[in-house]
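Next comes final-v3.txt, with compact mmCIF, C-alpha atoms.
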```
# COMPACT_ATOMS: atom_id res chain seq x y z
CA MET A 160 -11.05 -39.54 12.68
CA LYS A 161 -14.14 -37.41 12.28
CA GLY A 162 -13.33 -35.74 15.58
CA VAL A 163 -9.87 -34.78 14.34
CA TYR A 164 -11.33 -33.19 11.22
CA LEU A 165 -13.92 -31.36 13.29
CA ALA A 166 -11.25 -30.09 15.68
CA SER A 167 -9.06 -28.98 12.74
CA GLY A 168 -12.02 -27.22 11.15
CA LEU A 169 -12.85 -25.42 14.37
CA LEU A 170 -9.20 -24.42 14.76
CA ALA A 171 -9.19 -22.98 11.24
CA VAL A 172 -12.38 -21.01 11.91
CA GLY A 173 -10.82 -19.75 15.13
CA PHE A 174 -7.73 -18.59 13.22
CA LEU A 175 -9.96 -16.87 10.67
CA LEU A 176 -11.92 -14.96 13.29
CA VAL A 177 -8.84 -13.87 15.23
CA SER A 178 -6.97 -12.82 12.08
CA CYS A 179 -9.82 -10.85 10.53
CA ALA A 180 -10.93 -9.21 13.74
CA GLY A 181 -7.83 -7.03 13.79
CA GLY A 182 -7.37 -7.22 17.54
CA PRO A 183 -9.16 -5.22 20.15
CA PRO A 184 -9.94 -1.67 19.01
CA LYS A 185 -7.49 0.71 20.53
CA GLY A 186 -7.84 4.42 21.25
CA GLU A 187 -11.59 4.06 21.53
CA VAL A 188 -14.14 5.84 23.60
CA GLY A 189 -12.25 7.16 26.53
CA SER A 190 -12.72 10.22 28.58
CA VAL A 191 -13.81 13.39 26.83
CA PRO A 192 -10.93 15.90 26.51
CA GLU A 193 -10.82 18.19 29.48
CA TRP A 194 -10.72 21.31 27.26
CA TYR A 195 -13.97 20.20 25.60
CA LEU A 196 -15.84 20.29 28.90
CA ASN A 197 -14.04 23.35 30.28
CA PRO A 198 -12.89 25.58 27.43
CA PRO A 199 -10.21 28.10 28.41
CA GLN A 200 -11.09 31.69 29.26
CA ASP A 201 -9.00 34.50 27.79
CA PRO A 202 -9.99 38.13 27.20
CA ASP A 203 -7.97 38.15 23.93
CA PHE A 204 -9.64 35.04 22.44
CA LEU A 205 -13.06 33.58 21.82
CA TYR A 206 -13.19 29.78 22.19
CA ALA A 207 -15.67 27.25 20.84
CA PRO A 208 -15.40 23.50 21.51
CA ALA A 209 -17.20 21.17 19.11
CA THR A 210 -17.49 17.48 18.35
CA GLU A 211 -18.80 15.60 15.31
CA THR A 212 -18.65 12.07 13.93
CA SER A 213 -18.23 10.58 10.49
CA LYS A 214 -17.08 7.38 8.83
CA ASP A 215 -14.48 9.54 7.05
CA LEU A 216 -11.77 10.87 9.32
CA GLY A 217 -11.19 14.08 7.35
CA LEU A 218 -14.91 14.79 7.26
CA ALA A 219 -15.31 14.25 11.01
CA VAL A 220 -12.62 16.88 11.64
CA GLU A 221 -14.09 19.21 9.03
CA LYS A 222 -17.61 18.96 10.44
CA ALA A 223 -16.32 19.65 13.94
CA ARG A 224 -14.29 22.67 12.75
CA THR A 225 -17.35 24.09 10.96
CA SER A 226 -19.51 23.62 14.06
CA GLY A 227 -16.84 25.35 16.14
CA ARG A 228 -16.59 28.21 13.67
CA ALA A 229 -20.39 28.59 13.55
CA GLU A 230 -20.30 28.84 17.33
CA LEU A 231 -17.54 31.48 17.15
CA ALA A 232 -19.62 33.43 14.62
CA SER A 233 -22.63 33.10 16.89
CA GLN A 234 -20.60 34.42 19.84
CA LEU A 235 -19.63 37.46 17.76
CA GLU A 236 -23.27 38.05 16.83
CA VAL A 237 -24.31 37.79 20.46
CA ARG A 238 -21.74 40.42 21.32
CA LEU A 239 -23.16 42.68 18.62
CA GLN A 240 -26.74 42.06 19.76
CA ALA A 241 -25.75 42.93 23.31
CA LEU A 242 -24.31 46.20 22.08
CA ARG A 243 -27.47 46.99 20.11
CA LYS A 244 -29.64 46.28 23.12
CA LYS A 245 -27.60 48.61 25.27
CA PHE A 246 -28.00 51.34 22.67
CA THR A 247 -31.78 50.84 22.58
CA GLU A 248 -32.01 51.05 26.34
CA GLU A 249 -30.06 54.29 26.36
CA VAL A 250 -32.42 55.97 23.91
CA GLY A 251 -35.35 54.31 25.65
CA ALA A 252 -37.26 53.23 22.54
CA GLY A 253 -40.10 50.67 22.21
CA GLU A 254 -39.55 48.21 25.05
CA ASP A 255 -42.44 45.89 24.20
CA SER A 256 -41.64 45.53 20.51
CA GLU A 257 -38.01 44.82 21.41
CA LEU A 258 -39.04 41.98 23.69
CA LEU A 259 -41.21 40.52 20.95
CA SER A 260 -38.40 40.55 18.38
CA GLN A 261 -36.00 38.89 20.84
CA TYR A 262 -38.48 36.08 21.41
CA SER A 263 -38.70 35.37 17.68
CA GLU A 264 -34.89 35.21 17.46
CA VAL A 265 -34.83 32.35 19.93
CA ILE A 266 -36.65 30.04 17.59
CA LYS A 267 -34.93 31.20 14.39
CA GLU A 268 -31.31 32.25 14.53
CA VAL A 269 -29.40 33.49 11.55
CA VAL A 270 -25.69 34.11 11.66
CA SER A 271 -23.71 35.65 8.84
CA GLN A 272 -20.17 36.54 9.75
CA VAL A 273 -16.71 36.84 8.29
CA LEU A 274 -14.14 35.23 10.56
CA VAL A 275 -10.54 36.32 10.16
CA GLY A 276 -7.88 34.30 11.97
CA SER A 277 -10.10 31.50 13.32
CA ARG A 278 -7.96 28.45 13.96
CA THR A 279 -7.81 25.07 15.65
CA ALA A 280 -6.28 25.44 19.09
CA LYS A 281 -6.62 21.76 20.00
CA GLN A 282 -8.00 18.63 18.37
CA ASP A 283 -8.43 15.00 19.22
CA VAL A 284 -9.64 12.22 16.92
CA ARG A 285 -10.94 8.95 18.34
CA LYS A 286 -12.32 5.83 16.75
CA GLU A 287 -15.73 4.72 18.02
CA GLY A 288 -16.47 1.39 16.38
CA MET A 289 -16.75 2.11 12.66
CA VAL A 290 -16.83 5.90 12.94
CA TYR A 291 -14.35 8.58 13.86
CA ARG A 292 -15.22 11.19 16.47
CA ALA A 293 -13.35 14.48 16.24
CA TYR A 294 -13.16 16.93 19.13
CA VAL A 295 -11.89 20.40 18.26
CA LEU A 296 -11.36 23.61 20.16
CA MET A 297 -11.60 26.53 17.75
CA GLU A 298 -10.24 29.91 18.74
CA LEU A 299 -10.60 33.40 17.34
CA PRO A 300 -8.14 36.04 18.41
CA ILE A 301 -9.89 39.33 19.15
CA GLY A 302 -8.61 42.80 19.90
CA ALA A 303 -4.85 43.30 20.06
CA ALA A 304 -4.11 39.58 19.65
CA ASN A 305 -5.60 39.63 16.17
CA LYS A 306 -4.05 42.86 14.89
CA ALA A 307 -0.87 41.44 13.31
CA LEU A 308 -2.76 38.64 11.59
CA VAL A 309 -5.51 40.93 10.30
CA ASP A 310 -2.94 43.43 8.98
CA SER A 311 -1.14 40.65 7.13
CA ILE A 312 -4.38 39.28 5.71
CA LYS A 313 -5.46 42.72 4.55
CA ALA A 314 -2.13 43.05 2.69
CA ARG A 315 -2.86 39.75 0.92
CA GLU A 316 -6.40 40.83 0.11
CA TYR A 317 -4.96 44.00 -1.36
CA LEU A 318 -2.62 41.90 -3.48
CA TYR A 319 -5.49 39.83 -4.80
CA THR A 320 -7.74 42.85 -5.38
CA ARG A 321 -4.92 44.47 -7.35
CA PHE A 322 -4.58 41.29 -9.42
CA ARG A 323 -8.34 41.26 -10.12
CA ALA A 324 -8.18 44.89 -11.19
CA SER A 325 -5.26 44.34 -13.57
CA GLN A 326 -5.68 44.52 -17.34
CA THR A 327 -4.42 40.95 -17.72
CA PHE A 328 -7.15 39.61 -15.47
CA LYS A 329 -9.81 41.53 -17.40
CA GLU A 330 -8.48 40.10 -20.66
CA LEU A 331 -8.55 36.63 -19.14
CA GLU A 332 -12.15 37.10 -18.04
CA GLU A 333 -13.18 38.28 -21.52
CA GLU A 334 -11.44 35.37 -23.19
CA VAL A 335 -13.04 32.89 -20.82
CA LYS A 336 -16.45 34.46 -21.47
CA LYS A 337 -15.94 34.17 -25.24
CA PHE A 338 -14.83 30.59 -24.89
CA GLU A 339 -17.88 29.72 -22.77
CA GLU A 340 -20.17 31.28 -25.43
CA TYR A 341 -18.34 29.35 -28.15
CA LYS A 342 -18.84 26.11 -26.23
CA LYS A 343 -22.53 26.86 -25.76
CA GLU A 344 -23.02 27.63 -29.47
CA HIS A 345 -21.31 24.42 -30.52
CA GLY A 346 -23.03 22.27 -27.90
CA MET A 347 -19.77 21.36 -26.19
CA MET B 170 0.28 -33.46 0.43
CA ALA B 171 -1.67 -32.86 -2.76
CA CYS B 172 -1.78 -36.64 -3.41
CA GLU B 173 -3.18 -37.30 0.07
CA ALA B 174 -5.84 -34.68 -0.43
CA ARG B 175 -6.91 -36.19 -3.74
CA ALA B 176 -7.03 -39.62 -2.14
CA GLY B 177 -9.26 -38.30 0.64
CA GLY B 178 -11.80 -36.97 -1.80
CA GLU B 179 -11.89 -40.11 -3.95
CA GLY B 180 -15.26 -41.29 -4.94
CA SER B 181 -17.23 -38.31 -3.61
CA GLY B 182 -16.13 -35.75 -6.27
CA ARG B 183 -15.68 -33.18 -3.48
CA PRO B 184 -12.34 -31.87 -2.14
CA GLY B 185 -10.96 -33.94 0.68
CA PRO B 186 -10.84 -32.69 4.29
CA LEU B 187 -7.14 -31.92 4.14
CA LEU B 188 -7.61 -29.85 1.02
CA ARG B 189 -10.47 -28.00 2.73
CA LEU B 190 -8.29 -27.43 5.78
CA LEU B 191 -5.56 -26.06 3.54
CA GLY B 192 -8.13 -23.74 1.96
CA TRP B 193 -9.19 -22.44 5.36
CA LEU B 194 -5.59 -21.83 6.37
CA LEU B 195 -4.95 -19.93 3.13
CA ILE B 196 -7.99 -17.73 3.81
CA CYS B 197 -6.72 -17.07 7.34
CA LEU B 198 -3.30 -16.07 6.05
CA GLY B 199 -4.91 -13.86 3.40
CA CYS B 200 -7.00 -12.06 6.02
CA ALA B 201 -4.09 -11.66 8.37
CA PHE B 202 -1.83 -10.04 5.81
CA ALA B 203 -4.39 -8.03 3.81
CA PRO B 204 -4.31 -4.21 4.25
CA GLY B 205 -6.76 -3.32 7.02
CA GLY B 206 -6.79 -6.91 8.22
CA GLY B 207 -5.26 -8.26 11.37
CA ARG B 208 -1.86 -6.72 10.82
CA VAL B 209 -1.13 -3.27 9.41
CA ARG B 210 2.31 -2.73 8.06
CA VAL B 211 4.36 -0.02 9.72
CA HIS B 212 5.97 1.84 6.86
CA ARG B 213 9.51 3.15 6.92
CA TYR B 214 9.79 6.65 5.50
CA PRO B 215 12.82 8.78 4.72
CA LEU B 216 13.44 11.35 7.45
CA TRP B 217 13.15 14.18 4.90
CA PHE B 218 9.55 13.09 4.31
CA LEU B 219 8.51 13.01 7.98
CA GLU B 220 10.37 16.20 8.95
CA GLN B 221 10.38 18.23 5.75
CA GLY B 222 10.26 21.55 7.60
CA LYS B 223 13.70 20.95 9.11
CA LEU B 224 15.35 20.82 5.67
CA GLY B 225 14.88 24.54 5.09
CA GLY B 226 13.81 26.13 1.82
CA GLY B 227 14.63 24.98 -1.69
CA TYR B 228 13.24 21.43 -1.39
CA ALA B 229 9.98 19.85 -2.52
CA VAL B 230 8.46 16.42 -2.12
CA GLY B 231 6.61 14.83 -5.04
CA TYR B 232 4.30 11.81 -5.07
CA SER B 233 3.52 9.10 -7.56
CA ARG B 234 2.30 5.53 -7.65
CA ALA B 235 5.11 2.99 -7.64
CA TYR B 236 4.55 1.94 -11.26
CA ALA B 237 6.36 -1.09 -12.62
CA ARG B 238 8.33 1.31 -14.81
CA ARG B 239 10.34 3.25 -12.29
CA ASP B 240 11.37 6.01 -14.72
CA THR B 241 7.67 6.77 -15.41
CA ALA B 242 6.95 6.97 -11.68
CA LEU B 243 9.98 9.15 -11.06
CA ALA B 244 9.07 11.55 -13.88
CA GLU B 245 5.54 11.89 -12.47
CA ALA B 246 6.83 12.43 -8.94
CA LEU B 247 9.32 15.06 -10.11
CA ARG B 248 6.61 16.98 -11.94
CA ASP B 249 4.44 16.76 -8.84
CA ALA B 250 7.32 18.10 -6.75
CA ALA B 251 7.67 21.05 -9.15
CA TRP B 252 3.93 21.80 -8.81
CA ARG B 253 4.22 21.68 -5.01
CA MET B 254 7.25 23.96 -5.05
CA VAL B 255 5.34 26.54 -7.12
CA ARG B 256 2.37 26.14 -4.76
CA SER B 257 4.62 26.88 -1.79
CA GLN B 258 5.50 30.24 -3.36
CA LYS B 259 1.98 31.43 -4.13
CA VAL B 260 -1.39 29.72 -4.36
CA TYR B 261 -4.94 30.96 -4.71
CA ILE B 262 -7.56 28.87 -2.93
CA GLU B 263 -11.33 29.01 -3.21
CA ALA B 264 -13.45 26.65 -1.14
CA GLU B 265 -17.13 26.27 -0.33
CA GLN B 266 -18.88 23.73 1.84
CA GLY B 267 -22.49 23.00 2.77
CA PHE B 268 -23.95 21.18 5.78
CA THR B 269 -27.44 20.48 7.07
CA GLU B 270 -28.35 19.74 10.63
CA ASP B 271 -31.24 17.85 12.19
CA ALA B 272 -31.98 15.85 15.31
CA LEU B 273 -29.56 13.13 14.13
CA GLY B 274 -26.62 15.49 13.76
CA LYS B 275 -24.72 17.36 11.09
CA HIS B 276 -24.69 16.08 7.51
CA PHE B 277 -22.16 16.98 4.85
CA GLN B 278 -23.85 18.14 1.65
CA GLY B 279 -20.83 18.61 -0.54
CA GLU B 280 -17.98 20.97 -1.29
CA ARG B 281 -16.36 22.79 -4.15
CA TYR B 282 -12.80 23.94 -4.15
CA ARG B 283 -10.13 25.23 -6.50
CA ILE B 284 -6.42 25.34 -5.83
CA LEU B 285 -4.78 27.48 -8.46
CA VAL B 286 -1.07 27.98 -9.04
CA ASP B 287 0.78 29.70 -11.85
CA THR B 288 1.15 26.63 -14.08
CA SER B 289 3.47 28.47 -16.44
CA LEU B 290 6.08 28.28 -13.66
CA VAL B 291 5.75 24.52 -13.14
CA GLU B 292 7.65 23.51 -16.30
CA ALA B 293 10.40 26.03 -15.63
CA THR B 294 10.70 24.88 -12.01
CA ALA B 295 10.72 21.17 -13.00
CA GLY B 296 13.68 21.83 -15.32
CA GLY B 297 15.79 23.12 -12.46
CA LEU B 298 15.01 20.35 -9.97
CA GLU B 299 17.17 17.29 -9.35
CA PRO B 300 15.92 14.06 -7.75
CA LEU B 301 18.00 14.08 -4.56
CA ASP B 302 16.50 10.93 -3.07
CA VAL B 303 13.82 8.47 -4.15
CA ALA B 304 11.94 6.10 -1.86
CA GLU B 305 9.35 3.42 -2.48
CA VAL B 306 7.01 3.13 0.48
CA GLY B 307 4.22 0.59 0.07
CA ASN B 308 2.65 1.25 -3.33
CA MET B 309 3.86 4.86 -3.38
CA LEU B 310 6.98 6.46 -4.79
CA ILE B 311 8.19 9.71 -3.26
CA VAL B 312 10.97 11.94 -4.40
CA LEU B 313 12.87 14.70 -2.67
CA ALA B 314 13.63 17.31 -5.30
CA GLY B 315 15.86 20.33 -5.04
CA LYS B 316 19.19 21.72 -6.10
CA GLU B 317 21.42 21.04 -3.09
CA PRO B 318 21.78 17.68 -1.30
CA PRO B 319 19.78 17.47 1.95
CA PRO B 320 21.58 17.83 5.30
CA GLU B 321 23.44 14.79 6.64
CA GLY B 322 21.26 11.99 7.99
CA TYR B 323 18.00 13.01 6.35
CA LYS B 324 18.13 10.19 3.79
CA MET B 325 17.80 7.66 6.60
CA ARG B 326 14.66 5.45 6.51
CA VAL B 327 12.83 5.39 9.82
CA PRO B 328 9.55 3.84 11.01
CA VAL B 329 6.80 6.32 11.89
CA PRO B 330 6.85 7.07 15.62
CA SER B 331 4.24 5.03 17.48
CA SER B 332 3.24 7.93 19.72
CA ALA B 333 1.50 10.95 18.22
CA PRO B 334 3.60 14.12 17.85
CA SER B 335 2.19 17.00 19.90
CA TRP B 336 1.28 19.02 16.79
CA THR B 337 -1.42 16.48 15.80
CA THR B 338 -3.49 17.49 18.83
CA LYS B 339 -2.20 21.01 19.40
CA PRO B 340 -0.95 22.94 16.36
CA PRO B 341 2.12 25.03 17.25
CA LYS B 342 1.92 28.77 17.92
CA ARG B 343 5.02 30.71 17.01
CA PRO B 344 5.30 34.43 16.40
CA GLY B 345 5.28 35.23 12.70
CA TRP B 346 3.72 31.92 11.59
CA VAL B 347 0.29 30.39 11.33
CA TYR B 348 0.00 26.60 11.40
CA ALA B 349 -2.70 24.21 10.22
CA VAL B 350 -3.11 20.44 10.46
CA GLY B 351 -4.74 18.34 7.76
CA ALA B 352 -5.99 14.78 8.22
CA ALA B 353 -7.06 11.97 5.91
CA PRO B 354 -7.98 8.30 6.25
CA ARG B 355 -6.05 5.38 4.77
CA TYR B 356 -6.70 4.87 1.07
CA PHE B 357 -5.59 1.93 -1.06
CA TYR B 358 -2.98 4.07 -2.81
CA LEU B 359 -0.80 5.43 -0.03
CA GLN B 360 0.03 8.67 -1.81
CA ASN B 361 -3.67 9.60 -1.88
CA SER B 362 -3.78 9.59 1.92
CA TRP B 363 -0.85 12.01 2.10
CA ILE B 364 -2.10 14.17 -0.78
CA TYR B 365 -5.58 14.55 0.77
CA ALA B 366 -4.15 15.30 4.22
CA GLU B 367 -1.91 17.98 2.64
CA ARG B 368 -4.83 19.45 0.67
CA ASP B 369 -6.93 19.53 3.84
CA ALA B 370 -4.19 21.44 5.65
CA TYR B 371 -3.91 24.01 2.82
CA LEU B 372 -7.71 24.49 2.75
CA GLU B 373 -7.62 24.98 6.52
CA LEU B 374 -4.94 27.67 6.11
CA ALA B 375 -7.22 29.43 3.61
CA ARG B 376 -10.12 29.23 6.08
CA MET B 377 -7.93 30.76 8.77
CA VAL B 378 -7.12 33.68 6.52
CA GLY B 379 -10.77 34.44 5.94
CA LEU B 380 -14.03 32.54 6.14
CA LYS B 381 -17.54 33.71 5.45
CA ILE B 382 -20.05 31.63 7.36
CA TRP B 383 -23.84 31.51 7.15
CA ASP B 384 -25.71 29.62 9.79
CA LEU B 385 -29.47 29.26 9.98
CA ARG B 386 -31.01 27.36 12.88
CA LYS B 387 -34.67 26.75 13.48
CA ALA B 388 -36.37 24.93 16.32
CA LEU B 389 -39.99 24.24 15.53
CA ALA B 390 -42.04 21.94 17.75
CA GLY B 391 -38.91 20.62 19.41
CA SER B 392 -37.18 19.39 16.23
CA PRO B 393 -34.06 21.38 15.39
CA GLU B 394 -33.11 22.08 11.79
CA GLY B 395 -30.14 23.92 10.44
CA VAL B 396 -28.20 24.86 7.33
CA GLN B 397 -24.58 25.97 7.30
CA MET B 398 -22.55 27.31 4.42
CA THR B 399 -18.93 28.35 4.45
CA GLU B 400 -16.93 30.11 1.78
CA SER B 401 -13.29 31.14 1.72
CA ARG B 402 -11.04 32.78 -0.83
CA ALA B 403 -7.39 33.38 -0.08
CA VAL B 404 -3.97 33.90 -1.55
CA LEU B 405 -1.37 31.96 0.42
CA LEU B 406 2.23 33.09 0.13
CA GLY B 407 5.07 30.88 1.35
CA ALA B 408 2.83 28.11 2.72
CA GLU B 409 4.91 24.95 3.22
CA VAL B 410 4.74 21.45 4.65
CA VAL B 411 6.49 21.11 8.01
CA ALA B 412 5.88 17.53 9.17
CA ARG B 413 3.93 14.34 8.50
CA TRP B 414 2.75 11.53 10.73
CA GLU B 415 0.88 8.28 10.14
CA ASP B 416 -1.29 6.88 12.92
CA VAL B 417 -0.92 3.20 12.09
CA GLU B 418 -3.49 2.00 14.65
CA LYS B 419 -6.32 4.33 13.61
CA GLY B 420 -5.38 4.44 9.93
CA ALA B 421 -5.04 8.22 9.91
CA PHE B 422 -2.57 10.48 8.13
CA TYR B 423 -1.62 13.94 9.38
CA VAL B 424 0.22 16.80 7.69
CA LEU B 425 1.33 20.01 9.38
CA VAL B 426 1.70 23.12 7.21
CA ARG B 427 2.68 26.68 8.04
CA MET B 428 2.64 30.10 6.47
CA PRO B 429 4.54 33.24 7.45
CA PHE B 430 2.59 36.39 8.23
```
Starting from the file, lay out its structure as C-alpha cells.
Amino acid sequence: MKGVYLASGLLAVGFLLVSCAGGPPKGEVGSVPEWYLNPPQDPDFLYAPATETSKDLGLAVEKARTSGRAELASQLEVRLQALRKKFTEEVGAGEDSELLSQYSEVIKEVVSQVLVGSRTAKQDVRKEGMVYRAYVLMELPIGAANKALVDSIKAREYLYTRFRASQTFKELEEEVKKFEEYKKEHGM
Amino acid sequence: MACEARAGGEGSGRPGPLLRLLGWLLICLGCAFAPGGGRVRVHRYPLWFLEQGKLGGGYAVGYSRAYARRDTALAEALRDAAWRMVRSQKVYIEAEQGFTEDALGKHFQGERYRILVDTSLVEATAGGLEPLDVAEVGNMLIVLAGKEPPPEGYKMRVPVPSSAPSWTTKPPKRPGWVYAVGAAPRYFYLQNSWIYAERDAYLELARMVGLKIWDLRKALAGSPEGVQMTESRAVLLGAEVVARWEDVEKGAFYVLVRMPF
C-alpha cells in the first residue's frame, strides 16, 4: 500500500514539474542574424548593428536602438574628423600636436550629434533563458535619400517654433510660472 | 471521496494520503492553467484590432479593463478611443533617456517623457464617436469607435497568427510614409501590454524625426565606462496604428505605427 502512495506522490510531483516548466523554451539562442554580422553597404545610408539584453523586452529593444544610434552618431563624427584632418594636412599646420590630440581621443571619445531620420531597418528579439536579447540594425539616410524626410521634419519644426512664438503660448508660460510660484509660497 | 480521505487520516490528525494526492493534483492544475504557466491562452481578437490600418481613416480603438460593470468599461474605452483619435491628428512628444555602460554592459538609468494632445478636443471628439464593435479579450475590453460601420468581415474574431508578420522584424518602407514598431512584454492586464507597445512605437517615431544624442566613452586601464543621453522633441501629425501582433510563445506584443511625410 505504501508503494502505491509513493508512486502516486511521485506521479503528482512529475505532473507538477512538467506543468510548471512551461515546455522547452522555444525561439532561443540560435544563429546570430546575418545582417548583424555583415551589415549592408549603401552609399545613401549609414548602418549600425547593435545587440543588448534585458529582462524587459521593451527595454532590450530600446537599449539596442540607443547603442545603434550612438554608433551612427559616432560614424558621423568620424566623417567630420576625417574632413578636419584633411583640411589640416592641406594647410600643413602642427603635425606633432595633431598626433598628440588624436591619441587622447582614443581613450576618451565624446559624441554629440543630432540625428534626423534614424530608423530601425531590421530587428530580431530572442529569448535567452530569463532575458530577452534584441538585435537591431539602425540606418540613417544620408545625402539625397534623406532630403524628403529632412524637408518634412523642418516643416514640422517650423510649425512647433511658430506655436512657441505665439502669444497664447507666452500667456500659458506666464500662467504656469505664476502657478508654480503660488504652489511654492503655499508649500504645495 | 471526501469520506475516504477523512477515514485515511483518522487518528493521526493529519490529512490522509488521498487528500494529499488531491491537493497535489489541484496544485498541478493550477500551475498548468495559470498565466505564464504551462499553457498560455491564444487570444482571439477582432480583425479590426489586428489590422486597424486597413480600415482607413475615421476609426479609433480604445482600451479598458473588462470591469464587472460593462457600461463603465465601455465608457472608459470610448473616452480612450477619443483620446487616441485626437492623438492621431496631432501630438507633441518629449522624451529623454539615460544609460551607463561598463564592462558588464549597458544599464538603463531612467527616462522621462510627455505625450501631449489638445485635451480640449477629446470631449468634443468623444461626443461624435459611436461604439461600432466591442470585444472582451482576456481581462481587457476594446472598442472600435467611429461614425461609419467598418468594412464587411472586420468584426470577425480571429486567433493571432502563429508566425510573425514580416513588419515585426523589418518595418515597411513605402514612399511618403515612415514606420515604427513598438514592443512590450506581457503584463497581467492585457491592455497594458498593448498600450505600452503603442506608446513605444510613438516614442520611436519621435526619435526618428529628431534625436539629440550625447555619448561619452572612456577606457582607462582596460575598463570601459560610458554614459549615453538621448533627447527628442517632435510634433507628429497624422501618426496612426497600422497593425498589432502578439507573440504568444515569447510573451511579446508588437504594434506598427506610421506617419505621412
### Query
So how many Å separate CA of Leu191 in chain B and CA of Arg210 in chain B, to one decimal?
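Computing it gives 25.0 Å between the two atoms.
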### Task
Show me as a ChimeraX atom specification the residues that reach within 9 Å of (-10.6, 33.1, 19.9), counting all atoms listed in the file and using the file's own coordinates.
/A:201-207,231,276-278,280,297-301
### Task
With a distance cut-off of 10 Å and all atoms listed in the file, select the neighbouring residues of Ala353 in chain B, excluding the residue or stretch itself and same-chain residues fewer than 5 positions from it, and output the selection as a list in words.
Asp215, Leu216, Gly217, Leu218, Ala219 and Val220 of chain A; Asn361, Ser362, Trp363, Ile364, Tyr365, Ala366, Glu367, Arg368, Asp369, Ala370, Glu415, Gly420, Ala421, Phe422, Tyr423 and Val424 of chain B
#### Entry: Proximal residues of chain B relative to chain A (only C-alpha atoms; 8 Å) as an MDAnalysis selection string
chainID B and resid 186 190 193:194 196:198 200:201 205:208 274:275 277 337:340 349 351:354 366 369 376:389 397 399 403:405 418:419 421 430
Would you write out those residues with C-alpha atoms, as a short mmCIF file (atom, residue, chain, number, x, y, z; two decimals), keeping the file's coordinate frame?
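File again-v7.cif, as written:
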```cif
data_model
loop_
_atom_site.label_atom_id
_atom_site.label_comp_id
_atom_site.auth_asym_id
_atom_site.auth_seq_id
_atom_site.Cartn_x
_atom_site.Cartn_y
_atom_site.Cartn_z
CA PRO B 186 -10.84 -32.69 4.29
CA LEU B 190 -8.29 -27.43 5.78
CA TRP B 193 -9.19 -22.44 5.36
CA LEU B 194 -5.59 -21.83 6.37
CA ILE B 196 -7.99 -17.73 3.81
CA CYS B 197 -6.72 -17.07 7.34
CA LEU B 198 -3.30 -16.07 6.05
CA CYS B 200 -7.00 -12.06 6.02
CA ALA B 201 -4.09 -11.66 8.37
CA GLY B 205 -6.76 -3.32 7.02
CA GLY B 206 -6.79 -6.91 8.22
CA GLY B 207 -5.26 -8.26 11.37
CA ARG B 208 -1.86 -6.72 10.82
CA GLY B 274 -26.62 15.49 13.76
CA LYS B 275 -24.72 17.36 11.09
CA PHE B 277 -22.16 16.98 4.85
CA THR B 337 -1.42 16.48 15.80
CA THR B 338 -3.49 17.49 18.83
CA LYS B 339 -2.20 21.01 19.40
CA PRO B 340 -0.95 22.94 16.36
CA ALA B 349 -2.70 24.21 10.22
CA GLY B 351 -4.74 18.34 7.76
CA ALA B 352 -5.99 14.78 8.22
CA ALA B 353 -7.06 11.97 5.91
CA PRO B 354 -7.98 8.30 6.25
CA ALA B 366 -4.15 15.30 4.22
CA ASP B 369 -6.93 19.53 3.84
CA ARG B 376 -10.12 29.23 6.08
CA MET B 377 -7.93 30.76 8.77
CA VAL B 378 -7.12 33.68 6.52
CA GLY B 379 -10.77 34.44 5.94
CA LEU B 380 -14.03 32.54 6.14
CA LYS B 381 -17.54 33.71 5.45
CA ILE B 382 -20.05 31.63 7.36
CA TRP B 383 -23.84 31.51 7.15
CA ASP B 384 -25.71 29.62 9.79
CA LEU B 385 -29.47 29.26 9.98
CA ARG B 386 -31.01 27.36 12.88
CA LYS B 387 -34.67 26.75 13.48
CA ALA B 388 -36.37 24.93 16.32
CA LEU B 389 -39.99 24.24 15.53
CA GLN B 397 -24.58 25.97 7.30
CA THR B 399 -18.93 28.35 4.45
CA ALA B 403 -7.39 33.38 -0.08
CA VAL B 404 -3.97 33.90 -1.55
CA LEU B 405 -1.37 31.96 0.42
CA GLU B 418 -3.49 2.00 14.65
CA LYS B 419 -6.32 4.33 13.61
CA ALA B 421 -5.04 8.22 9.91
CA PHE B 430 2.59 36.39 8.23
#
```
### Message
Here is a test: counting only C-alpha atoms, which residue of A:Gln234, A:Glu330, A:Val335, A:Arg292 is nearest to Pro192 in chain A?
### Response
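Once distances to Pro192 in chain A are computed over only C-alpha atoms, the minimum belongs to A:Arg292.
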### Message
Please determine, counting all atoms listed in the file, which residue among B:Val230, B:Leu216, B:Val347, B:Leu224 has the shortest atom-to-atom distance to Trp414 in chain B.
### Response
B:Leu216
## Note on the structure
From CA of Thr269 in chain B to CA of Gly395 in chain B the spacing works out at 5.5 Å
### Message
What's the separation between CA of Leu359 in chain B and CA of Asn308 in chain B, in Å to one decimal place?
### Response
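CA of Asn308 in chain B lies 6.3 Å from CA of Leu359 in chain B.
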### Task
Give me the residues within 8 Å of Gln278 in chain B as a list in words, counting all atoms listed in the file and dropping any in the same chain fewer than 5 places off.
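That gives Gln266, Gly267, Phe268 and Thr269 of chain B.
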### Query
Excluding same-chain residues fewer than 3 positions from Val426 in chain B, what lies within 7 Å of it counting only C-alpha atoms, as JSON, numbers by chain?
{"B": [348, 349, 350, 370, 408, 409, 410, 411]}
With N, CA and C atoms as the goal, would you fill in the gaps in range 234-238 of chain B and present it as a short mmCIF file (atom, residue, chain, number, x, y, z; two decimals), in the frame of the given file?
```
data_model
loop_
_atom_site.label_atom_id
_atom_site.label_comp_id
_atom_site.auth_asym_id
_atom_site.auth_seq_id
_atom_site.Cartn_x
_atom_site.Cartn_y
_atom_site.Cartn_z
N ARG B 234 2.47 6.95 -7.95
CA ARG B 234 2.30 5.53 -7.65
C ARG B 234 3.59 4.82 -8.02
N ALA B 235 3.88 3.74 -7.33
CA ALA B 235 5.11 2.99 -7.64
C ALA B 235 4.82 2.08 -8.85
N TYR B 236 4.81 2.71 -10.03
CA TYR B 236 4.55 1.94 -11.26
C TYR B 236 5.66 0.92 -11.49
N ALA B 237 5.34 -0.09 -12.29
CA ALA B 237 6.36 -1.09 -12.62
C ALA B 237 7.54 -0.43 -13.31
N ARG B 238 7.24 0.57 -14.14
CA ARG B 238 8.33 1.31 -14.81
C ARG B 238 8.75 2.44 -13.90
#
```
